[in-house]
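Pasted below: start11.txt, compact mmCIF, C-alpha atoms.
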# COMPACT_ATOMS: atom_id res chain seq x y z
CA MET A 280 -16.46 -32.22 -56.08
CA LYS A 281 -15.63 -29.39 -58.43
CA LEU A 282 -16.49 -31.60 -61.40
CA LYS A 283 -19.83 -32.48 -59.82
CA ILE A 284 -20.72 -28.82 -59.46
CA HIS A 285 -19.85 -28.21 -63.09
CA VAL A 286 -21.99 -31.13 -64.22
CA VAL A 287 -24.94 -29.99 -62.14
CA PHE A 288 -24.54 -26.44 -63.47
CA LEU A 289 -24.39 -27.76 -67.01
CA LEU A 290 -27.51 -29.86 -66.52
CA ILE A 291 -29.40 -26.95 -65.04
CA SER A 292 -28.29 -24.71 -67.92
CA LEU A 293 -29.35 -27.27 -70.48
CA SER A 294 -32.72 -27.76 -68.90
CA LEU A 295 -33.24 -23.99 -68.74
CA LEU A 296 -32.25 -23.64 -72.39
CA SER A 297 -34.60 -26.43 -73.26
CA ALA A 298 -37.42 -24.74 -71.39
CA VAL A 299 -36.73 -21.44 -73.12
CA ARG A 300 -36.65 -23.14 -76.50
CA SER A 301 -39.86 -24.94 -75.79
CA PHE A 302 -41.50 -21.72 -74.66
CA ALA A 303 -40.29 -19.97 -77.80
CA ASP A 304 -41.68 -22.69 -80.06
CA ASP A 305 -45.00 -22.62 -78.26
CA ASP A 306 -45.02 -18.86 -78.46
CA PHE A 307 -44.39 -18.88 -82.22
CA SER A 308 -47.07 -21.48 -82.74
CA ALA A 309 -49.55 -19.38 -80.76
CA LEU A 310 -48.69 -16.25 -82.75
CA ARG A 311 -49.10 -18.09 -86.03
CA THR A 312 -52.43 -19.52 -84.92
CA ALA A 313 -53.57 -16.05 -83.89
CA ALA A 314 -52.56 -14.65 -87.28
CA GLN A 315 -54.33 -17.47 -89.09
CA ASN A 316 -57.53 -16.61 -87.25
CA VAL A 317 -57.46 -13.08 -88.58
CA LYS A 318 -60.06 -12.65 -91.30
CA SER A 319 -59.36 -9.05 -92.22
CA VAL A 320 -56.99 -6.21 -91.39
CA SER A 321 -56.88 -2.54 -92.19
CA ALA A 322 -53.89 -0.40 -91.28
CA ASP A 323 -52.04 2.77 -92.14
CA PHE A 324 -48.38 2.41 -92.92
CA ILE A 325 -45.31 4.58 -93.04
CA GLN A 326 -42.44 3.50 -95.26
CA GLU A 327 -38.93 4.77 -94.59
CA LYS A 328 -36.49 4.24 -97.42
CA HIS A 329 -32.92 4.61 -96.23
CA LEU A 330 -30.28 5.13 -98.90
CA LYS A 331 -26.60 5.53 -98.29
CA ILE A 332 -26.51 8.67 -100.41
CA LEU A 333 -29.30 10.38 -98.47
CA ALA A 334 -28.95 12.09 -95.10
CA LYS A 335 -32.54 11.30 -94.17
CA PRO A 336 -34.98 8.65 -95.35
CA ILE A 337 -37.60 9.03 -98.05
CA ILE A 338 -40.93 8.85 -96.24
CA SER A 339 -43.96 7.38 -97.97
CA LYS A 340 -47.40 6.93 -96.45
CA GLY A 341 -50.15 4.58 -97.37
CA ARG A 342 -52.97 2.30 -96.36
CA LEU A 343 -53.40 -1.45 -96.38
CA TYR A 344 -56.50 -3.62 -96.47
CA PHE A 345 -56.26 -7.38 -96.19
CA LYS A 346 -59.04 -9.91 -96.35
CA ALA A 347 -58.51 -13.66 -96.03
CA PRO A 348 -57.78 -15.75 -97.88
CA ARG A 349 -56.02 -13.67 -100.53
CA SER A 350 -57.32 -10.16 -101.07
CA ILE A 351 -55.06 -7.15 -100.61
CA ARG A 352 -55.35 -3.45 -101.30
CA TRP A 353 -51.93 -1.81 -100.88
CA GLU A 354 -52.14 1.91 -101.55
CA TYR A 355 -49.50 4.63 -101.41
CA LEU A 356 -51.04 7.99 -100.67
CA ALA A 357 -47.91 10.17 -100.65
CA PRO A 358 -45.64 11.31 -102.14
CA ALA A 359 -46.24 9.09 -105.19
CA ARG A 360 -49.72 7.61 -105.53
CA THR A 361 -49.90 4.00 -106.59
CA LEU A 362 -52.30 1.21 -105.83
CA THR A 363 -51.91 -2.54 -105.97
CA LEU A 364 -55.00 -4.71 -105.83
CA MET A 365 -54.82 -8.45 -105.39
CA ASN A 366 -57.94 -10.55 -105.67
CA LYS A 367 -58.98 -13.93 -107.02
CA ASN A 368 -58.20 -12.78 -110.56
CA GLY A 369 -54.60 -11.72 -109.91
CA ALA A 370 -52.67 -8.57 -109.10
CA TYR A 371 -53.19 -5.17 -110.69
CA VAL A 372 -51.01 -2.10 -110.30
CA TYR A 373 -52.50 1.33 -110.86
CA ILE A 374 -50.78 4.67 -110.87
CA ARG A 375 -52.42 8.02 -110.29
CA SER A 376 -51.71 10.25 -113.25
CA GLU A 377 -53.41 13.49 -114.18
CA GLY A 378 -56.25 12.84 -111.75
CA LYS A 379 -57.02 9.34 -113.01
CA TRP A 380 -56.09 5.80 -112.03
CA ILE A 381 -54.20 4.15 -114.87
CA LEU A 382 -53.42 0.43 -115.01
CA ASP A 383 -49.68 -0.26 -115.12
CA ARG A 384 -49.67 -3.51 -117.05
CA ALA A 385 -45.88 -3.73 -117.14
CA GLN A 386 -45.67 -4.13 -113.38
CA SER A 387 -48.88 -5.94 -112.54
CA ASP A 388 -47.72 -9.52 -113.04
CA ALA A 389 -44.51 -9.08 -111.10
CA ARG A 390 -46.28 -7.31 -108.26
CA GLY A 391 -48.37 -10.42 -107.69
CA ILE A 392 -45.26 -12.13 -106.32
CA VAL A 393 -44.75 -9.39 -103.77
CA MET A 394 -48.42 -9.40 -102.80
CA ASP A 395 -48.34 -13.16 -102.32
CA GLU A 396 -45.46 -12.70 -99.91
CA ILE A 397 -47.31 -10.01 -97.97
CA ASN A 398 -50.33 -12.29 -97.88
CA ASN A 399 -48.16 -15.00 -96.33
CA TRP A 400 -46.99 -12.63 -93.63
CA PHE A 401 -50.51 -11.60 -92.68
CA THR A 402 -51.67 -15.19 -92.46
CA GLY A 403 -48.73 -16.43 -90.41
CA ARG A 404 -47.38 -18.64 -93.21
CA PHE A 405 -43.75 -17.58 -93.01
CA GLU A 406 -42.40 -20.83 -94.44
CA GLU A 407 -44.49 -20.61 -97.60
CA ASN A 408 -41.88 -18.93 -99.80
CA ALA A 409 -39.15 -21.42 -100.66
CA ALA A 410 -36.77 -18.59 -101.57
CA PHE A 411 -36.37 -17.75 -97.86
CA SER A 412 -35.52 -19.65 -94.73
CA HIS A 413 -37.27 -18.43 -91.60
CA ALA A 414 -36.31 -18.28 -87.95
CA TYR A 415 -38.33 -17.15 -84.96
CA GLN A 416 -36.86 -14.80 -82.36
CA PRO A 417 -38.99 -14.57 -79.21
CA GLY A 418 -37.72 -11.08 -78.50
CA PRO A 419 -39.22 -8.97 -77.15
CA PRO A 420 -40.52 -7.97 -79.53
CA PRO A 421 -41.22 -11.33 -81.19
CA SER A 422 -39.88 -11.41 -84.73
CA VAL A 423 -39.54 -13.69 -87.71
CA ILE A 424 -36.29 -13.38 -89.61
CA LEU A 425 -36.45 -14.31 -93.29
CA THR A 426 -33.10 -15.00 -94.93
CA PRO A 427 -32.87 -15.39 -98.71
CA LYS A 428 -31.43 -18.65 -99.95
CA GLU A 429 -30.24 -18.20 -103.53
CA GLU A 430 -30.62 -15.54 -106.19
CA MET A 431 -32.50 -13.23 -103.87
CA LYS A 432 -29.33 -12.81 -101.83
CA LYS A 433 -28.04 -10.41 -104.45
CA PHE A 434 -30.77 -7.95 -103.61
CA ILE A 435 -31.90 -8.64 -100.06
CA SER A 436 -29.74 -9.77 -97.17
CA GLN A 437 -32.52 -10.12 -94.60
CA ILE A 438 -36.17 -9.36 -93.89
CA SER A 439 -37.25 -8.94 -90.29
CA LEU A 440 -40.95 -9.09 -89.42
CA ARG A 441 -41.85 -7.76 -85.99
CA LEU A 442 -45.04 -9.34 -84.73
CA SER A 443 -47.72 -8.13 -82.36
CA ARG A 444 -47.79 -10.35 -79.30
CA ALA A 445 -51.54 -9.76 -79.03
CA THR A 446 -52.64 -10.57 -82.57
CA GLY A 447 -49.68 -12.20 -84.27
CA LEU A 448 -49.94 -9.57 -86.97
CA VAL A 449 -46.92 -7.96 -88.56
CA GLU A 450 -46.31 -4.57 -86.94
CA GLN A 451 -43.07 -3.62 -88.64
CA VAL A 452 -41.05 -4.86 -91.60
CA ASP A 453 -37.33 -4.20 -91.98
CA ILE A 454 -35.72 -5.11 -95.27
CA ARG A 455 -31.95 -4.98 -95.36
CA GLU A 456 -30.48 -4.64 -98.80
CA GLY A 457 -26.86 -4.38 -99.82
CA HIS A 458 -24.73 -1.26 -100.14
CA GLY A 459 -26.10 0.43 -97.03
CA ASN A 460 -29.71 0.62 -98.26
CA SER A 461 -32.74 -0.54 -96.31
CA THR A 462 -36.50 -0.20 -96.07
CA ARG A 463 -38.67 -0.03 -92.94
CA ILE A 464 -42.46 -0.27 -93.05
CA ILE A 465 -44.35 0.52 -89.86
CA PHE A 466 -48.01 -0.41 -89.59
CA GLN A 467 -50.25 1.76 -87.44
CA ASN A 468 -53.90 1.97 -86.45
CA GLU A 469 -54.42 -1.71 -87.21
CA LYS A 470 -58.03 -2.84 -87.13
CA VAL A 471 -58.68 -6.55 -87.09
CA ASN A 472 -61.71 -8.39 -88.45
CA ALA A 473 -63.59 -5.33 -89.59
CA LYS A 474 -65.92 -5.86 -92.55
CA PHE A 475 -64.89 -4.56 -95.98
CA PRO A 476 -66.79 -4.71 -99.25
CA ASP A 477 -65.18 -6.90 -101.93
CA SER A 478 -65.18 -3.90 -104.24
CA LEU A 479 -62.31 -2.51 -102.20
CA PHE A 480 -60.09 -5.18 -103.73
CA GLU A 481 -61.51 -5.03 -107.22
CA LYS A 482 -61.32 -1.42 -108.40
CA PRO A 483 -59.46 1.76 -107.52
CA MET B 111 -33.19 12.21 -122.69
CA MET B 112 -33.91 8.74 -123.80
CA LYS B 113 -31.37 7.41 -121.44
CA LEU B 114 -32.92 9.22 -118.56
CA PHE B 115 -36.27 7.78 -119.33
CA ILE B 116 -34.94 4.31 -119.54
CA LYS B 117 -33.04 4.70 -116.35
CA ASP B 118 -36.02 5.81 -114.47
CA THR B 119 -38.09 3.08 -115.89
CA VAL B 120 -35.59 0.50 -115.06
CA ASP B 121 -35.30 1.67 -111.54
CA LYS B 122 -38.83 0.69 -110.88
CA THR B 123 -38.72 -2.96 -111.44
CA GLY B 124 -38.49 -5.51 -108.75
CA TYR B 125 -36.54 -8.63 -108.17
CA GLY B 126 -36.43 -11.82 -110.19
CA ASP B 127 -39.57 -11.94 -112.25
CA ARG B 128 -39.91 -8.26 -111.78
CA GLY B 129 -36.80 -7.91 -113.84
CA LEU B 130 -38.69 -9.55 -116.65
CA SER B 131 -41.23 -6.80 -116.74
CA ILE B 132 -38.42 -4.28 -116.89
CA ALA B 133 -36.83 -6.25 -119.65
CA ALA B 134 -40.10 -6.24 -121.49
CA LEU B 135 -40.45 -2.53 -121.04
CA PHE B 136 -36.89 -1.97 -122.14
CA ALA B 137 -37.39 -4.13 -125.21
CA VAL B 138 -40.54 -2.31 -126.03
CA ILE B 139 -38.86 1.04 -125.76
CA LEU B 140 -35.98 0.00 -127.93
CA ALA B 141 -38.26 -1.65 -130.44
CA LEU B 142 -40.28 1.43 -130.98
CA ALA B 143 -39.59 3.29 -134.13
CA SER B 144 -41.09 6.69 -133.82
CA CYS B 145 -40.38 9.50 -136.19
CA ALA B 146 -41.25 12.50 -134.08
CA ALA B 147 -40.82 15.83 -135.79
CA ALA B 148 -37.47 16.99 -134.44
CA PRO B 149 -36.48 20.65 -134.25
CA SER B 150 -33.70 21.63 -136.60
CA TYR B 151 -30.35 23.02 -135.50
CA ARG B 152 -29.57 26.57 -136.61
CA PRO B 153 -26.93 28.99 -135.42
CA LEU B 154 -28.03 31.40 -132.71
CA SER B 155 -28.26 35.09 -133.53
CA PRO B 156 -25.35 36.48 -131.51
CA GLN B 157 -26.39 38.56 -128.51
CA GLY B 158 -24.74 39.19 -125.19
CA GLY B 159 -25.50 40.28 -121.72
CA ALA B 160 -27.93 37.91 -120.10
CA ALA B 161 -26.84 34.93 -118.03
CA CYS B 162 -27.37 31.53 -119.56
CA PRO B 163 -30.55 29.83 -118.40
CA ASP B 164 -29.93 26.51 -116.69
CA ILE B 165 -31.46 24.06 -114.23
CA PHE B 166 -28.26 22.50 -112.92
CA PRO B 167 -27.57 22.66 -109.17
CA ALA B 168 -24.59 24.98 -108.62
CA ALA B 169 -23.49 23.18 -105.46
CA ALA B 170 -23.59 19.61 -104.22
CA ALA B 171 -27.17 18.50 -103.56
CA ARG B 172 -29.42 15.52 -103.09
CA LEU B 173 -32.66 15.36 -105.04
CA ILE B 174 -35.58 12.97 -104.88
CA HIS B 175 -38.01 12.70 -107.78
CA GLN B 176 -41.21 10.94 -108.61
CA ILE B 177 -40.65 9.55 -112.08
CA GLU B 178 -43.42 8.70 -114.50
CA ILE B 179 -42.47 7.04 -117.75
CA THR B 180 -44.84 6.71 -120.65
CA SER B 181 -44.18 4.56 -123.67
CA PRO B 182 -46.65 3.63 -126.40
CA LEU B 183 -46.47 -0.10 -125.76
CA SER B 184 -46.12 -0.44 -122.00
CA GLY B 185 -48.17 2.58 -121.01
CA LYS B 186 -47.37 4.45 -117.82
CA SER B 187 -45.18 3.33 -114.92
CA LEU B 188 -44.22 5.15 -111.75
CA PHE B 189 -40.87 5.10 -109.94
CA VAL B 190 -38.86 7.04 -107.39
CA GLY B 191 -35.35 8.31 -108.08
CA ALA B 192 -32.71 9.68 -105.74
CA VAL B 193 -29.58 11.39 -106.94
CA LYS B 194 -26.60 13.02 -105.29
CA VAL B 195 -25.02 15.53 -107.62
CA GLU B 196 -21.61 17.08 -107.03
CA PRO B 197 -21.01 19.62 -109.80
CA GLU B 198 -17.51 20.54 -108.63
CA LYS B 199 -16.46 16.92 -109.21
CA ASP B 200 -18.64 16.42 -112.29
CA ALA B 201 -20.06 13.52 -110.29
CA LEU B 202 -23.43 11.79 -109.91
CA HIS B 203 -24.64 8.97 -107.69
CA ALA B 204 -28.09 7.77 -108.71
CA VAL B 205 -30.57 5.25 -107.33
CA LEU B 206 -33.72 4.15 -109.11
CA MET B 207 -36.42 2.48 -107.03
CA SER B 208 -39.90 1.11 -107.25
CA VAL B 209 -42.48 3.08 -105.27
CA GLU B 210 -42.26 0.22 -102.76
CA GLY B 211 -38.62 1.14 -102.22
CA MET B 212 -36.95 -1.72 -104.05
CA VAL B 213 -33.65 -0.56 -105.50
CA LEU B 214 -33.55 -1.46 -109.16
CA PHE B 215 -30.45 0.37 -110.23
CA GLU B 216 -27.61 2.16 -108.47
CA ALA B 217 -24.53 3.63 -110.11
CA GLU B 218 -22.13 6.52 -109.88
CA THR B 219 -20.09 8.55 -112.30
CA ALA B 220 -17.26 11.04 -111.85
CA GLY B 221 -16.10 12.62 -115.07
CA ALA B 222 -15.44 9.73 -117.43
CA ASP B 223 -15.35 7.15 -114.63
CA PHE B 224 -18.36 4.92 -114.22
CA ARG B 225 -19.19 2.39 -111.52
CA MET B 226 -22.31 0.26 -111.42
CA ILE B 227 -23.09 -0.56 -107.81
CA SER B 228 -26.13 -2.78 -108.25
CA ALA B 229 -28.71 -3.42 -110.92
CA VAL B 230 -31.55 -5.79 -111.54
CA PRO B 231 -31.24 -7.48 -114.96
CA PRO B 232 -31.45 -6.21 -117.66
CA LEU B 233 -30.32 -2.94 -116.12
CA ASN B 234 -26.94 -4.48 -115.39
CA ASP B 235 -25.99 -4.30 -119.05
CA LEU B 236 -23.01 -1.94 -119.01
CA PRO B 237 -23.70 0.18 -122.11
CA PHE B 238 -27.30 0.47 -121.06
CA ALA B 239 -26.35 1.47 -117.52
CA LYS B 240 -23.94 4.08 -118.82
CA GLY B 241 -26.69 5.39 -121.01
CA LEU B 242 -28.94 5.75 -118.02
CA MET B 243 -26.39 7.80 -116.18
CA GLY B 244 -25.91 9.92 -119.28
CA ASP B 245 -29.59 10.73 -119.21
CA ILE B 246 -29.38 11.89 -115.64
CA SER B 247 -26.37 14.01 -116.46
CA PHE B 248 -28.45 15.69 -119.16
CA VAL B 249 -30.67 17.37 -116.58
CA MET B 250 -28.34 17.46 -113.56
CA LEU B 251 -24.82 18.41 -114.62
CA LYS B 252 -23.82 21.61 -116.34
CA PRO B 253 -21.18 21.08 -119.02
CA ALA B 254 -17.73 22.26 -118.10
CA GLY B 255 -16.43 25.54 -119.49
CA LYS B 256 -18.09 28.48 -121.12
CA PRO B 257 -20.82 28.28 -123.74
CA VAL B 258 -19.63 28.33 -127.34
CA GLU B 259 -22.74 30.15 -128.52
CA GLN B 260 -25.07 32.64 -126.89
CA GLY B 261 -27.95 34.44 -128.54
CA ALA B 262 -31.48 34.19 -129.85
CA ASP B 263 -32.74 31.03 -131.46
CA ASP B 264 -35.10 30.94 -134.42
CA GLN B 265 -38.04 31.46 -132.04
CA GLY B 266 -36.41 34.51 -130.52
CA LEU B 267 -35.62 32.70 -127.25
CA TRP B 268 -32.47 33.49 -125.32
CA ALA B 269 -30.26 30.40 -125.56
CA CYS B 270 -26.78 29.13 -124.82
CA ARG B 271 -24.88 26.16 -126.20
CA TRP B 272 -22.06 24.06 -124.79
CA PRO B 273 -20.07 21.26 -126.38
CA THR B 274 -20.45 18.03 -124.47
CA GLY B 275 -19.30 14.42 -124.86
CA LYS B 276 -18.92 12.81 -128.29
CA GLU B 277 -19.30 16.03 -130.28
CA ASN B 278 -22.79 16.63 -128.92
CA ILE B 279 -24.16 20.08 -128.18
CA LEU B 280 -26.27 20.93 -125.16
CA GLU B 281 -28.58 23.90 -125.55
CA THR B 282 -30.50 25.70 -122.84
CA ALA B 283 -33.14 28.31 -123.59
CA LEU B 284 -35.50 30.50 -121.63
CA THR B 285 -39.03 30.24 -122.97
CA LYS B 286 -41.48 33.12 -123.09
CA ASP B 287 -43.56 31.68 -120.26
CA GLY B 288 -40.58 31.40 -117.90
CA ASN B 289 -39.78 27.74 -118.40
CA ILE B 290 -36.33 26.48 -119.31
CA ARG B 291 -35.85 24.22 -122.29
CA LEU B 292 -32.95 21.82 -122.70
CA ARG B 293 -31.98 20.17 -125.94
CA LEU B 294 -29.19 17.74 -126.71
CA TYR B 295 -28.03 17.63 -130.31
CA GLY B 296 -25.93 14.79 -131.68
CA ALA B 297 -22.80 15.05 -133.79
CA ASN B 298 -24.99 15.33 -136.90
CA ARG B 299 -26.85 18.17 -135.14
CA LYS B 300 -30.06 16.23 -135.01
CA ILE B 301 -31.83 16.46 -131.70
CA ILE B 302 -31.39 13.47 -129.42
CA LYS B 303 -33.48 14.55 -126.47
CA GLU B 304 -35.35 17.50 -125.10
CA ALA B 305 -36.58 18.57 -121.70
CA ALA B 306 -38.88 21.32 -120.49
CA ALA B 307 -38.31 22.47 -116.92
CA PHE B 308 -41.08 24.23 -115.05
CA PRO B 309 -40.98 26.60 -112.07
CA PRO B 310 -40.78 27.10 -109.19
CA PHE B 311 -37.03 26.62 -109.21
CA ASP B 312 -35.34 25.69 -105.94
CA ARG B 313 -31.62 26.45 -106.10
CA LYS B 314 -32.10 26.13 -109.87
CA ALA B 315 -33.75 22.70 -109.64
CA PRO B 316 -37.20 22.82 -111.29
CA ALA B 317 -40.35 21.53 -109.64
CA PHE B 318 -41.18 19.54 -112.74
CA ILE B 319 -39.30 18.30 -115.80
CA LYS B 320 -40.91 16.76 -118.85
CA MET B 321 -38.51 14.95 -121.13
CA LYS B 322 -39.02 13.55 -124.57
CA SER B 323 -36.82 11.34 -126.66
CA PHE B 324 -36.29 11.63 -130.38
CA GLY B 325 -35.09 8.91 -132.67
CA PRO B 326 -35.79 5.19 -132.69
CA ALA B 327 -37.27 5.09 -129.22
CA SER B 328 -40.15 7.33 -128.33
CA TYR B 329 -41.23 7.94 -124.80
CA THR B 330 -41.70 10.68 -122.27
CA ILE B 331 -40.47 10.91 -118.71
CA ASP B 332 -41.97 13.25 -116.15
CA LEU B 333 -39.82 14.12 -113.15
CA LYS B 334 -41.61 15.69 -110.21
CA LEU B 335 -39.30 17.05 -107.55
CA ILE B 336 -40.23 15.64 -104.15
CA GLU B 337 -37.36 17.00 -102.12
CA MET B 338 -34.02 18.72 -102.49
CA GLU B 339 -31.37 19.32 -99.89
CA SER B 340 -27.91 20.78 -100.03
CA VAL B 341 -24.96 18.56 -99.18
CA ASP B 342 -22.97 20.06 -96.33

Let me see the structure of the file written as structure tokens.
Amino acid sequence: MKLKIHVVFLLISLSLLSAVRSFADDDFSALRTAAQNVKSVSADFIQEKHLKILAKPIISKGRLYFKAPRSIRWEYLAPARTLTLMNKNGAYVYIRSEGKWILDRAQSDARGIVMDEINNWFTGRFEENAAFSHAYQPGPPPSVILTPKEEMKKFISQISLRLSRATGLVEQVDIREGHGNSTRIIFQNEKVNAKFPDSLFEKP
Amino acid sequence: MMKLFIKDTVDKTGYGDRGLSIAALFAVILALASCAAAPSYRPLSPQGGAACPDIFPAAAARLIHQIEITSPLSGKSLFVGAVKVEPEKDALHAVLMSVEGMVLFEAETAGADFRMISAVPPLNDLPFAKGLMGDISFVMLKPAGKPVEQGADDQGLWACRWPTGKENILETALTKDGNIRLRLYGANRKIIKEAAAFPPFDRKAPAFIKMKSFGPASYTIDLKLIEMESVD
């Protein structure tokens, strides 16, 4: 009799787990679909850089514009002013120096890799980068955990993307590095599917 | 000074391919052969009385800088640097980051001891990494002991000189417009690097430092103080 109860309990548990798993998969699929339907996004962001040697984080503020399929304007407004533009021609990094925008050629090519990754996040394509494995956590809040596979492990131990349940958009990014350092980016005032001129992604 | 520039530059690169751009920048810097007119080294006219001008934090502190490096071939790049300086231990812990917060280089020194904590290639090259920390020391750590010379330089500026590693001489001078000038002379008494520090000064740390290298590599590094806090 006791054994029977255990078996029934086990079966119920398994079926519940299965239901939860199925719900989670459906949920992730819905979030990804929602993100893929987003044509444009604008948002403010706050970046907190936590270093082991600092008592409080370094706070940076900026603004993001995204337009499907692959246009990004990623601008830091304070304390250092930099701007990355990604459009059909590639990625371009500008720095603000002596009141002018100056192209930083040394960093432009490499920044394209980062912008591609951000583009993947905003279009729900979390599996796109082969350097990371991804796992969905239904939460709340729902999150995608990106874990580096090979060389990237030396620099990043994990990236966590917190998603909006309403839009599927990334609301917060947490990047865990080694040696007690980490970065958090919080997106605020997100506006979805507003119209932007292409020039926003082409020149400072 | 050169080392400081390189360090800051290096700190800004990213991962993987990003390291390539740093490598390129590094190679460019090292490849440059610039013959800037370097100031000559002359004995100071002995004078006494005034305190030596300096920009070195007197007590343990954390400083965050915006770092802009300019080199003739790669142009301008922008980074963020964080440093914890502990003068009583002759110690530094420095982190160089991209504006996006990616750590490109992290190392610490205490006296002659050096430990590289993490670095994106090519910044993980040991001599290079030590050089970077030496550059930071140039503007952050006051040499131990008393100055060996105090007096007026050939421009009439009040200056002090200390011996520092490898028979080098560090000179600080107060300029007529209230800035503080730092110079590092090599064993042959040719200038290696120079920095101009501009007010306001917060617990001696200047709001802005402009550094210039002399010798085979020519570049400038601008350090803008974002924040400073004392270490309790």

Taking only residues of chain A that have an atom at most 9 Å from an atom of chain B, what is each one's shortest atom pair and its distance in Å to one decimal, using only C-alpha atoms, in chain and number order, as a tab-separated table?
residue	atom	partner	partner_atom	distance
A:Gln326	CA	B:Glu210	CA	8.2
A:Glu327	CA	B:Gly211	CA	8.5
A:Lys328	CA	B:Gly211	CA	6.1
A:His329	CA	B:Gly211	CA	9.0
A:Leu330	CA	B:Val205	CA	8.4
A:Ile332	CA	B:Lys194	CA	6.5
A:Leu333	CA	B:Arg172	CA	6.9
A:Ala334	CA	B:Val341	CA	8.6
A:Ile337	CA	B:Ile174	CA	8.1
A:Ser339	CA	B:Val209	CA	8.6
A:Tyr355	CA	B:Val209	CA	8.2
A:Pro358	CA	B:Ile336	CA	7.2
A:Ala359	CA	B:Gln176	CA	6.4
A:Arg360	CA	B:Val209	CA	8.5
A:Thr361	CA	B:Val209	CA	7.6
A:Tyr373	CA	B:Ser187	CA	8.6
A:Ile374	CA	B:Leu188	CA	6.6
A:Arg375	CA	B:Leu188	CA	8.8
A:Ser376	CA	B:Glu178	CA	8.5
A:Ile381	CA	B:Lys186	CA	7.4
A:Leu382	CA	B:Lys186	CA	7.8
A:Asp383	CA	B:Ser187	CA	5.8
A:Arg384	CA	B:Ser184	CA	6.8
A:Ala385	CA	B:Ser131	CA	5.6
A:Gln386	CA	B:Ser131	CA	6.2
A:Ser387	CA	B:Ser131	CA	8.8
A:Asp388	CA	B:Ser131	CA	8.0
A:Ala389	CA	B:Arg128	CA	4.7
A:Arg390	CA	B:Arg128	CA	7.3
A:Ile392	CA	B:Asp127	CA	8.2
A:Val393	CA	B:Gly124	CA	8.9
A:Glu430	CA	B:Gly126	CA	8.0
A:Met431	CA	B:Tyr125	CA	7.5
A:Lys433	CA	B:Ser228	CA	8.7
A:Phe434	CA	B:Tyr125	CA	7.4
A:Glu456	CA	B:Val213	CA	8.5
A:Gly457	CA	B:Ser228	CA	8.6
A:His458	CA	B:Ile227	CA	7.9
A:Asn460	CA	B:Val213	CA	8.3
A:Ser461	CA	B:Gly211	CA	8.5
A:Thr462	CA	B:Gly211	CA	6.6

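Proximity ranking of A:Ile325, A:Trp353, A:Thr312, A:Ala409 relative to Val452 (chain A) places A:Ile325 first, based on all atoms listed in the file.
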
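Considering the residues B:Asp332, B:Asp235, B:Asp164, B:Asp200 and counting only C-alpha atoms, Trp268 (chain B) has its shortest atom-to-atom contact with B:Asp164.
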
Can you find the residues with an atom no farther than 12 Å from (-18.4, 29.3, -132.5), counting only C-alpha atoms, and report them as a ChimeraX atom specification?
/B:153-156,256-261,270-273,279

Kindly export the residues of the current selection with C-alpha atoms, as a PDB file, in the coordinates of the input.
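The result, written out as out_23.pdb:
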ATOM      1  CA  PRO B 153     -26.930  28.990-135.420  1.00  0.00           C
ATOM      2  CA  LEU B 154     -28.030  31.400-132.710  1.00  0.00           C
ATOM      3  CA  SER B 155     -28.260  35.090-133.530  1.00  0.00           C
ATOM      4  CA  PRO B 156     -25.350  36.480-131.510  1.00  0.00           C
ATOM      5  CA  LYS B 256     -18.090  28.480-121.120  1.00  0.00           C
ATOM      6  CA  PRO B 257     -20.820  28.280-123.740  1.00  0.00           C
ATOM      7  CA  VAL B 258     -19.630  28.330-127.340  1.00  0.00           C
ATOM      8  CA  GLU B 259     -22.740  30.150-128.520  1.00  0.00           C
ATOM      9  CA  GLN B 260     -25.070  32.640-126.890  1.00  0.00           C
ATOM     10  CA  GLY B 261     -27.950  34.440-128.540  1.00  0.00           C
ATOM     11  CA  CYS B 270     -26.780  29.130-124.820  1.00  0.00           C
ATOM     12  CA  ARG B 271     -24.880  26.160-126.200  1.00  0.00           C
ATOM     13  CA  TRP B 272     -22.060  24.060-124.790  1.00  0.00           C
ATOM     14  CA  PRO B 273     -20.070  21.260-126.380  1.00  0.00           C
ATOM     15  CA  ILE B 279     -24.160  20.080-128.180  1.00  0.00           C
TER      16      ILE B 279
END

Among listed residues B:Leu206, B:Ala315, B:Ala269, B:Met338, nearest Arg152 (chain B) (using only C-alpha atoms):
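Residue with the minimum atom-to-atom distance to Arg152 (chain B): B:Ala269.
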
Return the single residue from A:Pro427, A:Pro420, A:Pro336, A:Gly369 that is closest to Gln451 (chain A), with distances computed using all atoms listed in the file.
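Distance minimum relative to Gln451 (chain A) lands on A:Pro420.
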
To one decimal place, how far is CA of Ala370 (chain A) from CA of Asp395 (chain A) in Å?
9.3 Å

Which of these residues is nearest to Pro253 (chain B), using all atoms listed in the file: B:Gly288, B:Gly158, B:Gly221, B:Gly296?
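Looking only at the distances to Pro253 (chain B), the closest residue turns out to be B:Gly221.
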
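The coordinates place CA of Ile338 (chain A) at 25.4 Å from CA of Ser247 (chain B).
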
From CA of Ser181 (chain B) to CA of Tyr329 (chain B) the spacing works out at 4.6 Å

Considering all atoms listed in the file, return as a count of residues only whatever protein or nucleic-acid residues lie within 10 Å of Glu277 (chain B), sequence-local ones (same chain, fewer than 2 positions apart) excluded.
10

Pick from A:Leu479, A:Ile464, A:Ile438, A:Leu448, whichever lies nearest to Val317 (chain A) using all atoms listed in the file
A:Leu448

Please provide as a compact mmCIF listing (two decimals) with C-alpha atoms, in the frame of the given file all residues within 7 Å of Ser439 (chain A), with the sequence filter that same-chain residues fewer than 5 positions apart are discarded (counting all atoms listed in the file).
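Listed below is the output, out38.txt:
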# COMPACT_ATOMS: atom_id res chain seq x y z
CA SER A 422 -39.88 -11.41 -84.73
CA VAL A 423 -39.54 -13.69 -87.71
CA ILE A 424 -36.29 -13.38 -89.61
CA LEU A 425 -36.45 -14.31 -93.29
CA VAL A 452 -41.05 -4.86 -91.60
CA ASP A 453 -37.33 -4.20 -91.98
CA ILE A 454 -35.72 -5.11 -95.27
